[in-house]
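Listing of my_file_22.txt, compact mmCIF, C-alpha atoms
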```
# COMPACT_ATOMS: atom_id res chain seq x y z
CA MET A 83 23.71 26.86 -29.05
CA PRO A 84 21.84 29.69 -27.30
CA SER A 85 19.23 31.77 -29.08
CA LYS A 86 18.42 35.32 -27.99
CA LEU A 87 15.15 37.01 -27.14
CA PRO A 88 14.60 40.78 -26.94
CA ALA A 89 14.16 42.10 -23.42
CA ASP A 90 10.59 43.11 -24.20
CA TYR A 91 9.59 39.71 -25.61
CA ILE A 92 6.21 38.63 -24.24
CA PHE A 93 5.77 34.91 -23.54
CA SER A 94 2.43 33.26 -24.29
CA PHE A 95 1.41 29.79 -23.09
CA ASP A 96 -1.86 27.97 -22.49
CA GLU A 97 -1.09 27.31 -18.82
CA SER A 98 -0.88 29.95 -16.08
CA PHE A 99 2.65 31.23 -15.42
CA GLU A 100 4.77 34.01 -14.00
CA GLU A 101 7.97 35.34 -15.54
CA PHE A 102 10.75 36.27 -13.12
CA TYR A 103 14.47 37.00 -12.86
CA ILE A 104 17.22 35.98 -10.47
CA SER A 105 20.34 38.15 -10.19
CA THR A 106 23.72 36.56 -9.46
CA ASP A 107 26.70 37.79 -7.46
CA ASP A 108 28.69 38.43 -10.66
CA GLY A 109 26.00 40.62 -12.18
CA ALA A 110 24.15 38.16 -14.44
CA LYS A 111 20.38 38.42 -14.72
CA LEU A 112 18.70 35.05 -15.29
CA ASN A 113 15.25 34.81 -16.84
CA ALA A 114 12.80 32.07 -15.85
CA LEU A 115 9.20 30.92 -15.98
CA HIS A 116 7.16 29.56 -13.08
CA PHE A 117 4.08 27.62 -14.21
CA LYS A 118 1.52 27.26 -11.44
CA ASN A 119 -1.42 24.97 -10.74
CA LYS A 120 -4.02 25.20 -8.02
CA ASN A 121 -3.17 22.55 -5.36
CA PRO A 122 -0.30 20.99 -7.35
CA HIS A 123 1.11 17.52 -6.68
CA GLY A 124 4.53 19.14 -6.32
CA VAL A 125 7.04 21.15 -8.32
CA ILE A 126 9.41 20.17 -11.12
CA LEU A 127 12.64 22.15 -11.48
CA TYR A 128 13.44 21.66 -15.16
CA PHE A 129 16.85 22.19 -16.79
CA HIS A 130 16.54 22.35 -20.56
CA GLY A 131 18.76 21.27 -23.44
CA ASN A 132 21.49 23.02 -25.34
CA ALA A 133 19.50 24.71 -28.11
CA GLY A 134 16.75 27.30 -28.01
CA ASP A 135 15.33 29.48 -25.24
CA LEU A 136 12.25 29.71 -23.02
CA SER A 137 9.94 30.48 -25.94
CA ARG A 138 10.59 26.87 -26.98
CA TRP A 139 11.18 25.21 -23.62
CA GLY A 140 8.11 26.76 -22.06
CA GLN A 141 6.13 24.81 -24.64
CA GLU A 142 8.12 21.63 -24.02
CA VAL A 143 7.18 21.52 -20.33
CA GLN A 144 3.43 21.91 -20.94
CA PHE A 145 2.95 18.14 -20.69
CA LEU A 146 4.35 18.23 -17.15
CA VAL A 147 2.21 21.23 -16.19
CA LYS A 148 -0.87 19.40 -17.45
CA LEU A 149 -0.05 16.56 -15.04
CA HIS A 150 -0.87 19.10 -12.34
CA TYR A 151 2.66 20.01 -11.32
CA ASP A 152 4.12 23.45 -10.90
CA VAL A 153 7.16 23.78 -13.16
CA VAL A 154 10.11 26.16 -12.93
CA VAL A 155 12.34 26.42 -16.02
CA MET A 156 15.16 28.91 -16.48
CA ASP A 157 17.27 30.14 -19.39
CA TYR A 158 21.01 29.74 -18.96
CA ARG A 159 23.37 32.69 -19.29
CA THR A 160 23.31 34.19 -22.81
CA TYR A 161 20.10 32.23 -23.63
CA GLY A 162 16.85 34.09 -24.28
CA LYS A 163 16.71 37.18 -22.05
CA SER A 164 19.37 35.92 -19.62
CA THR A 165 22.66 37.78 -19.38
CA GLY A 166 26.09 37.01 -17.97
CA THR A 167 29.28 35.19 -18.91
CA LEU A 168 29.17 31.45 -19.57
CA SER A 169 31.37 29.02 -17.66
CA GLU A 170 30.88 25.57 -16.21
CA SER A 171 31.18 26.77 -12.63
CA ALA A 172 28.73 29.63 -13.24
CA LEU A 173 26.13 27.30 -14.75
CA LEU A 174 26.33 24.97 -11.76
CA LYS A 175 26.07 27.86 -9.29
CA ASP A 176 23.10 29.26 -11.20
CA ALA A 177 21.36 25.89 -10.95
CA ARG A 178 21.68 26.05 -7.18
CA LEU A 179 20.17 29.55 -7.13
CA PHE A 180 17.06 28.22 -8.83
CA TYR A 181 16.88 25.27 -6.49
CA ASP A 182 17.00 27.71 -3.57
CA TYR A 183 14.18 29.69 -5.20
CA VAL A 184 12.07 26.52 -5.41
CA ALA A 185 13.02 25.37 -1.90
CA SER A 186 11.83 28.71 -0.48
CA GLN A 187 8.29 27.91 -1.67
CA TYR A 188 8.01 24.11 -1.51
CA SER A 189 9.12 21.38 0.86
CA GLU A 190 12.01 19.21 -0.31
CA GLN A 191 9.65 16.20 -0.51
CA GLU A 192 7.62 18.10 -3.14
CA VAL A 193 10.60 18.85 -5.39
CA ILE A 194 11.44 16.82 -8.49
CA ILE A 195 14.53 17.74 -10.51
CA TYR A 196 14.37 17.12 -14.25
CA GLY A 197 17.36 17.44 -16.60
CA ARG A 198 17.21 17.10 -20.36
CA SER A 199 20.37 16.58 -22.44
CA LEU A 200 22.77 19.40 -21.42
CA GLY A 201 20.46 20.14 -18.51
CA SER A 202 21.04 16.63 -17.14
CA ALA A 203 24.46 17.81 -15.97
CA MET A 204 23.00 20.65 -13.89
CA ALA A 205 20.28 18.34 -12.59
CA SER A 206 22.83 15.66 -11.61
CA TYR A 207 25.02 18.23 -9.87
CA LEU A 208 22.07 19.45 -7.82
CA ALA A 209 20.93 15.94 -6.89
CA ALA A 210 24.35 15.37 -5.33
CA THR A 211 24.03 18.34 -3.00
CA VAL A 212 20.30 18.41 -2.11
CA SER A 213 17.62 15.79 -1.49
CA PRO A 214 14.80 15.98 -4.05
CA SER A 215 12.08 13.34 -4.06
CA LEU A 216 13.09 12.21 -7.57
CA LEU A 217 15.65 12.92 -10.30
CA ILE A 218 14.56 12.43 -13.93
CA LEU A 219 17.21 12.50 -16.66
CA GLU A 220 16.19 12.60 -20.32
CA THR A 221 18.92 11.82 -22.89
CA PRO A 222 21.77 12.30 -20.36
CA PHE A 223 25.46 11.58 -20.83
CA TYR A 224 28.22 10.00 -18.73
CA SER A 225 30.26 13.17 -19.16
CA LEU A 226 30.61 15.76 -21.89
CA LEU A 227 34.08 14.38 -22.61
CA ASP A 228 32.57 10.96 -23.24
CA VAL A 229 30.19 12.43 -25.84
CA ALA A 230 32.97 14.46 -27.49
CA GLN A 231 35.31 11.47 -27.72
CA ASN A 232 32.58 9.46 -29.39
CA ARG A 233 31.86 12.18 -31.93
CA PHE A 234 35.47 13.22 -32.62
CA PRO A 235 37.55 10.09 -31.91
CA ILE A 236 40.70 11.33 -33.69
CA LEU A 237 40.85 14.76 -32.00
CA PRO A 238 42.52 15.54 -28.62
CA VAL A 239 39.18 16.57 -27.15
CA ASN A 240 40.36 16.20 -23.55
CA SER A 241 42.66 19.21 -24.00
CA LEU A 242 40.24 21.14 -26.23
CA LEU A 243 37.04 20.76 -24.24
CA LYS A 244 36.00 23.85 -22.28
CA TYR A 245 33.29 22.09 -20.29
CA GLN A 246 33.55 18.72 -18.55
CA PHE A 247 30.18 18.20 -16.84
CA LYS A 248 31.08 14.93 -15.13
CA SER A 249 27.59 13.68 -14.40
CA HIS A 250 28.83 10.24 -13.39
CA GLN A 251 30.91 11.82 -10.63
CA TYR A 252 28.13 14.10 -9.40
CA LEU A 253 25.67 11.23 -9.11
CA GLN A 254 27.90 9.17 -6.86
CA GLU A 255 26.73 11.50 -4.08
CA ALA A 256 23.04 11.42 -5.00
CA HIS A 257 20.69 9.51 -2.70
CA CYS A 258 17.31 10.06 -4.35
CA PRO A 259 15.59 7.71 -6.82
CA ILE A 260 16.80 8.27 -10.39
CA VAL A 261 14.98 7.55 -13.66
CA ILE A 262 16.85 7.74 -16.98
CA PHE A 263 15.15 7.95 -20.38
CA HIS A 264 17.08 7.49 -23.62
CA GLY A 265 16.26 6.68 -27.21
CA ASP A 266 18.09 3.90 -29.03
CA LYS A 267 18.30 6.07 -32.18
CA ASP A 268 19.78 9.14 -30.47
CA GLY A 269 22.30 10.71 -32.84
CA VAL A 270 23.38 13.51 -30.47
CA VAL A 271 24.10 11.72 -27.19
CA PRO A 272 24.80 8.05 -27.92
CA LEU A 273 22.77 5.47 -26.05
CA ALA A 274 26.14 3.97 -25.01
CA SER A 275 26.97 7.10 -23.00
CA ALA A 276 23.69 6.90 -21.08
CA LYS A 277 24.23 3.18 -20.47
CA LYS A 278 27.71 3.93 -19.16
CA LEU A 279 26.19 6.48 -16.78
CA TYR A 280 23.61 3.95 -15.62
CA GLN A 281 26.25 1.28 -15.06
CA SER A 282 28.30 3.71 -12.96
CA LEU A 283 25.38 3.97 -10.52
CA ASP A 284 25.47 0.36 -9.34
CA GLY A 285 23.80 0.00 -5.95
CA LYS A 286 21.63 3.10 -6.32
CA ASN A 287 17.88 3.28 -6.82
CA VAL A 288 17.95 3.87 -10.58
CA LYS A 289 15.78 2.81 -13.53
CA PHE A 290 17.02 2.91 -17.11
CA ILE A 291 14.28 3.12 -19.72
CA VAL A 292 15.18 2.76 -23.41
CA ILE A 293 12.65 4.17 -25.86
CA GLU A 294 12.81 2.02 -29.00
CA GLY A 295 12.97 4.24 -32.07
CA GLY A 296 13.50 7.33 -29.95
CA GLU A 297 15.88 10.03 -31.14
CA HIS A 298 17.29 12.96 -29.19
CA ASN A 299 14.36 15.37 -29.33
CA ASP A 300 11.25 13.23 -29.71
CA LEU A 301 10.94 11.00 -26.64
CA SER A 302 7.83 12.82 -25.43
CA SER A 303 5.98 11.64 -28.54
CA PHE A 304 6.30 7.96 -27.53
CA PRO A 305 3.55 6.32 -25.45
CA ARG A 306 6.13 4.51 -23.29
CA TYR A 307 7.65 7.80 -22.20
CA LYS A 308 4.26 9.39 -21.48
CA ASN A 309 2.95 6.32 -19.67
CA THR A 310 6.05 6.06 -17.50
CA ILE A 311 6.13 9.76 -16.65
CA THR A 312 2.45 9.65 -15.76
CA SER A 313 2.92 6.65 -13.46
CA LEU A 314 5.93 8.31 -11.83
CA LEU A 315 4.33 11.68 -11.19
CA ILE A 316 0.65 11.09 -10.58
CA PRO A 317 -0.39 9.65 -7.20
CA GLU A 318 -2.08 6.28 -7.75
CA LYS A 319 -5.32 7.38 -6.11
CA THR A 320 -5.77 10.20 -8.64
CA ARG A 321 -4.28 8.47 -11.69
CA ARG A 322 -7.67 7.60 -13.16
CA SER A 323 -8.06 11.27 -14.10
CA TYR A 324 -5.05 10.97 -16.42
CA PRO A 325 -5.84 8.27 -18.98
CA VAL A 326 -2.79 6.34 -20.19
CA LYS A 327 -2.39 5.81 -23.91
CA LYS A 328 -1.90 2.29 -25.25
```
Would you give me this structure, written as structure tokens?
Amino acid sequence: MPSKLPADYIFSFDESFEEFYISTDDGAKLNALHFKNKNPHGVILYFHGNAGDLSRWGQEVQFLVKLHYDVVVMDYRTYGKSTGTLSESALLKDARLFYDYVASQYSEQEVIIYGRSLGSAMASYLAATVSPSLLILETPFYSLLDVAQNRFPILPVNSLLKYQFKSHQYLQEAHCPIVIFHGDKDGVVPLASAKKLYQSLDGKNVKFIVIEGGEHNDLSSFPRYKNTITSLLIPEKTRRSYPVKK
């Protein structure tokens, strides 16, 4: 569900940022935003959901920027100002290009990978091949096939599905701590799919946090989400500067 932006669109956000592009070997040009803080705690490489573009997602990541992290968020091929041909393999390769961009400027211990909904697949793929300090997954799925079979149980979705995104397989190779957030009222990605993903990670350092009343696009409005993210990201010695809501 990509939305387009004109090439001359000018982004505007409260926090300081730079717009940049990465070109791929097959000729795609990928648009991204790099939010920057002075003396940040680290950097969050953020992979957004299926709908919208950076004019929306740049706003969505402001909470993370305000926690004094640099944030890099890119638009997938055909989204926003990004060009190129969509495919599962291309999306995964593009994710690695942006990780390499981040890794050229920050140490691996400073990097947190964050995947939301569709973006959880790219984030999970990366976590299997690199070593970030933390992987955060918001409203993730076991696999895209699992979601499709739940939504269309009478259709032969296995043969119809163009994308697989087998997050459960990717994460078998991940060795970093993993935190999963999911709402129990999610009508897009069923809570059962996220639970299935969590259960497939037996033996790994993983936390599964269910937000009661949470739907697919509103978890950031719940105090439990904000409190947990704050405790995860802010060093304890400086946490007093970031009051936690009750």
**Report entry** Leu217 in chain A surroundings by all atoms listed in the file, 7 Å radius, close-in-sequence under 5 positions cut, as a list in words
**Finding:**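 Final neighbour list, sorted by chain and number: Ile194, Ile195, Tyr196, Ala209, Cys258, Pro259, Ile260 and Val261 of chain A.
Rounded to one decimal, CA of Glu97 in chain A and CA of Val147 in chain A lie 7.4 Å from each other.
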Considering all atoms listed in the file, return as an mmCIF file with C-alpha atoms, in the coordinates of the input whatever protein or nucleic-acid residues lie within 12 Å of range 253-255 of chain A, sequence-local ones (same chain, fewer than 4 positions apart) excluded.
```
data_model
loop_
_atom_site.group_PDB
_atom_site.id
_atom_site.type_symbol
_atom_site.label_atom_id
_atom_site.label_comp_id
_atom_site.auth_asym_id
_atom_site.auth_seq_id
_atom_site.Cartn_x
_atom_site.Cartn_y
_atom_site.Cartn_z
ATOM 1 C CA SER A 202 21.040 16.630 -17.140
ATOM 2 C CA ALA A 203 24.460 17.810 -15.970
ATOM 3 C CA MET A 204 23.000 20.650 -13.890
ATOM 4 C CA ALA A 205 20.280 18.340 -12.590
ATOM 5 C CA SER A 206 22.830 15.660 -11.610
ATOM 6 C CA TYR A 207 25.020 18.230 -9.870
ATOM 7 C CA LEU A 208 22.070 19.450 -7.820
ATOM 8 C CA ALA A 209 20.930 15.940 -6.890
ATOM 9 C CA ALA A 210 24.350 15.370 -5.330
ATOM 10 C CA THR A 211 24.030 18.340 -3.000
ATOM 11 C CA VAL A 212 20.300 18.410 -2.110
ATOM 12 C CA SER A 213 17.620 15.790 -1.490
ATOM 13 C CA LEU A 217 15.650 12.920 -10.300
ATOM 14 C CA LEU A 219 17.210 12.500 -16.660
ATOM 15 C CA PRO A 222 21.770 12.300 -20.360
ATOM 16 C CA PHE A 223 25.460 11.580 -20.830
ATOM 17 C CA TYR A 224 28.220 10.000 -18.730
ATOM 18 C CA SER A 225 30.260 13.170 -19.160
ATOM 19 C CA PHE A 247 30.180 18.200 -16.840
ATOM 20 C CA LYS A 248 31.080 14.930 -15.130
ATOM 21 C CA SER A 249 27.590 13.680 -14.400
ATOM 22 C CA PRO A 259 15.590 7.710 -6.820
ATOM 23 C CA ILE A 260 16.800 8.270 -10.390
ATOM 24 C CA LEU A 279 26.190 6.480 -16.780
ATOM 25 C CA TYR A 280 23.610 3.950 -15.620
ATOM 26 C CA GLN A 281 26.250 1.280 -15.060
ATOM 27 C CA SER A 282 28.300 3.710 -12.960
ATOM 28 C CA LEU A 283 25.380 3.970 -10.520
ATOM 29 C CA ASP A 284 25.470 0.360 -9.340
ATOM 30 C CA GLY A 285 23.800 0.000 -5.950
ATOM 31 C CA LYS A 286 21.630 3.100 -6.320
ATOM 32 C CA ASN A 287 17.880 3.280 -6.820
ATOM 33 C CA VAL A 288 17.950 3.870 -10.580
#
```
Query - Nearest to Val153 in chain A by atom-to-atom distance, counting only C-alpha atoms, from A:Ala274, A:Ala133, A:Leu168, A:Ile126 - result: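 Comparing A:Ala274, A:Ala133, A:Leu168, A:Ile126 against Val153 in chain A, the winner is A:Ile126.
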Query - Non-local contacts of Lys148 in chain A (9 Å; only C-alpha atoms; under 4 positions in same chain excluded) as an MDAnalysis selection string - result: chainID A and resid 97 119 143:144
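Using all atoms listed in the file, the nearest neighbour of Ala276 in chain A within the list A:His150, A:Lys289, A:His130, A:Arg178 is A:Lys289.
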Report summary line: Restricting to only C-alpha atoms, whichever of A:Val154, A:Ile104, A:Ile262, A:Leu146 is closest to Phe129 in chain A is A:Val154
Query raised in the report: Could you pull the residues within 7 Å of Phe263 in chain A, counting only C-alpha atoms, minus those fewer than 4 positions along the same chain, as a ChimeraX atom specification?
Result: /A:219-221,290-292
Output of the above residues as a PDB file, keeping the file's coordinate frame, restricted to C-alpha atoms:
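Okay, result_36.pdb is ready:
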```
ATOM      1  CA  LEU A 219      17.210  12.500 -16.660  1.00  0.00           C
ATOM      2  CA  GLU A 220      16.190  12.600 -20.320  1.00  0.00           C
ATOM      3  CA  THR A 221      18.920  11.820 -22.890  1.00  0.00           C
ATOM      4  CA  PHE A 290      17.020   2.910 -17.110  1.00  0.00           C
ATOM      5  CA  ILE A 291      14.280   3.120 -19.720  1.00  0.00           C
ATOM      6  CA  VAL A 292      15.180   2.760 -23.410  1.00  0.00           C
TER       7      VAL A 292
END
```
Query raised in the report: Smallest atom-to-atom distance to Val193 in chain A: which of A:Gly166, A:Pro122, A:Gly296, A:Gly140, using only C-alpha atoms?
Result: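 Nearest candidate to Val193 in chain A out of A:Gly166, A:Pro122, A:Gly296, A:Gly140: A:Pro122.
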Report summary line: Restricting to only C-alpha atoms, whichever of A:His298, A:His123, A:His116, A:Lys277 is closest to Gly265 in chain A is A:His298
Could the centre and edge lengths of an axis-aligned box, enclosing all atoms of range 277-288 of chain A in the file with 8 Å extra on each side, be given in Å to one decimal as lines of an AutoDock Vina configuration file?
```
center_x = 23.1
center_y = 3.2
center_z = -13.2
size_x = 26.4
size_y = 22.5
size_z = 30.5
```
Requested in this report: Record the distance separating CA of Asp96 in chain A and CA of Phe117 in chain A, expressed in Å with one decimal.
Outcome: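 For CA of Asp96 in chain A relative to CA of Phe117 in chain A, the distance reads 10.2 Å.
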Report task. Please measure the separation of CA of Gly109 in chain A and CA of Leu179 in chain A, giving the value in Å to one decimal. Result ->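 Those two atoms sit 13.5 Å apart.
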Query - Nearest-residue call for Leu149 in chain A, choices A:Gly197, A:Gly124, A:Gly269, A:Gly295, using only C-alpha atoms - result: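 With only C-alpha atoms as the atom set, the closest residue is A:Gly124.
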